Amino acid sequence: MTSSVQDRAAQENARLLSVFGLAAENPGAFDGSWIETTGERIESINPATGAAIAAVTMATAEEYDQVARATVEAFHEWRTWPAPKRGEVVRQLGDALRKHKDDLGRLVSLEVGKVLSEGLGEVQEMID
């Protein structure tokens, strides 16, 4: 792979991470806000270039328990919402996926080595 191709791939990688508010190093647990996790570090590699896309520090068992507790609390609130309100949240999720379909599809393609049409198809499955 030529240097210019690698440079373009690195630029696209940086652009996609920026679009989604991601960094080269990311925490791997969310309990309403991102938790500074301290578990194992996992690196996502672009199979076409062998270059790192980004890394995630996984949650420890204790950090996972914190997330699980927050999830249960959120569920108890969520289940009290009327169906139309919950449906509106789901519709908004679909709208966000549609809005970012191209960039999400590109990110899927980078991470798993699929052609772009297959990456876009993965995102479309989430939308459907």
# chains A, B, ... in the order shown; residues from 1 in each chain; ligands from 1
call {"tool": "select_by_dssp", "arguments": {"residues": "range 17-114 of chain A", "states": "strand (DSSP E or B)", "output": "PyMOL selection string"}}
result
chain A and resi 25-27+30+34+41-45+52-57
call {"tool": "select_by_dssp", "arguments": {"residues": "chain A", "states": "helix (DSSP H, G or I)", "output": "ChimeraX atom specification"}}
result
/A:3-19,61-78,83-99,101-112,116-127
call {"tool": "residues_around", "arguments": {"residues": "range 94-105 of chain A", "least_positions_apart": "5", "cutoff": "10 Å", "atoms": "only C-alpha atoms", "output": "PyMOL selection string"}}
result
chain A and resi 12+15-17+19-20+88-89+110-111+114-124+126-128
call {"tool": "write_last_selection", "arguments": {"atoms": "C-alpha atoms", "output": "CSV table (one decimal), in the first residue's frame"}}
result
chain,number,residue,atom,x,y,z
A,12,GLU,CA,-10.8,9.3,6.7
A,15,ARG,CA,-12.7,12.3,10.1
A,16,LEU,CA,-15.1,9.5,11.0
A,17,LEU,CA,-13.9,9.4,14.7
A,19,VAL,CA,-18.0,12.9,13.4
A,20,PHE,CA,-19.0,10.6,16.2
A,88,GLU,CA,-41.0,8.9,19.7
A,89,VAL,CA,-37.6,8.0,21.3
A,110,LEU,CA,-13.2,0.3,7.9
A,111,GLU,CA,-13.5,-1.9,11.0
A,114,LYS,CA,-16.5,-5.0,4.2
A,115,VAL,CA,-17.1,-3.2,0.9
A,116,LEU,CA,-19.0,0.1,1.5
A,117,SER,CA,-22.3,-1.3,0.2
A,118,GLU,CA,-22.2,-4.1,2.9
A,119,GLY,CA,-21.3,-1.5,5.6
A,120,LEU,CA,-24.3,0.6,4.5
A,121,GLY,CA,-26.4,-2.6,4.6
A,122,GLU,CA,-25.4,-3.2,8.2
A,123,VAL,CA,-26.6,0.3,9.1
A,124,GLN,CA,-29.8,-0.2,7.1
A,126,MET,CA,-30.3,-1.3,12.4
A,127,ILE,CA,-32.7,1.3,10.9
A,128,ASP,CA,-35.2,-1.3,9.8
call {"tool": "residues_around", "arguments": {"residues": "Ala61 in chain A", "least_positions_apart": "5", "cutoff": "10 Å", "atoms": "only C-alpha atoms", "output": "list of chain:residue names"}}
result
A:Gly39, A:Gln66, A:Val67
call {"tool": "residues_around", "arguments": {"residues": "Glu43 in chain A", "least_positions_apart": "6", "cutoff": "7 Å", "atoms": "only C-alpha atoms", "output": "list in words"}}
result
Ala52, Ala54, Ala55 and Val56 of chain A
call {"tool": "write_last_selection", "arguments": {"atoms": "C-alpha atoms", "output": "CSV table (one decimal), in the first residue's frame"}}
result
chain,number,residue,atom,x,y,z
A,52,ALA,CA,-5.3,1.1,14.4
A,54,ALA,CA,-9.2,3.4,17.7
A,55,ALA,CA,-9.0,1.7,21.1
A,56,VAL,CA,-11.5,1.1,23.9
call {"tool": "atom_distance", "arguments": {"atom1": "CA of Gly28 in chain A", "atom2": "CA of Thr57 in chain A"}}
result
5.3 Å
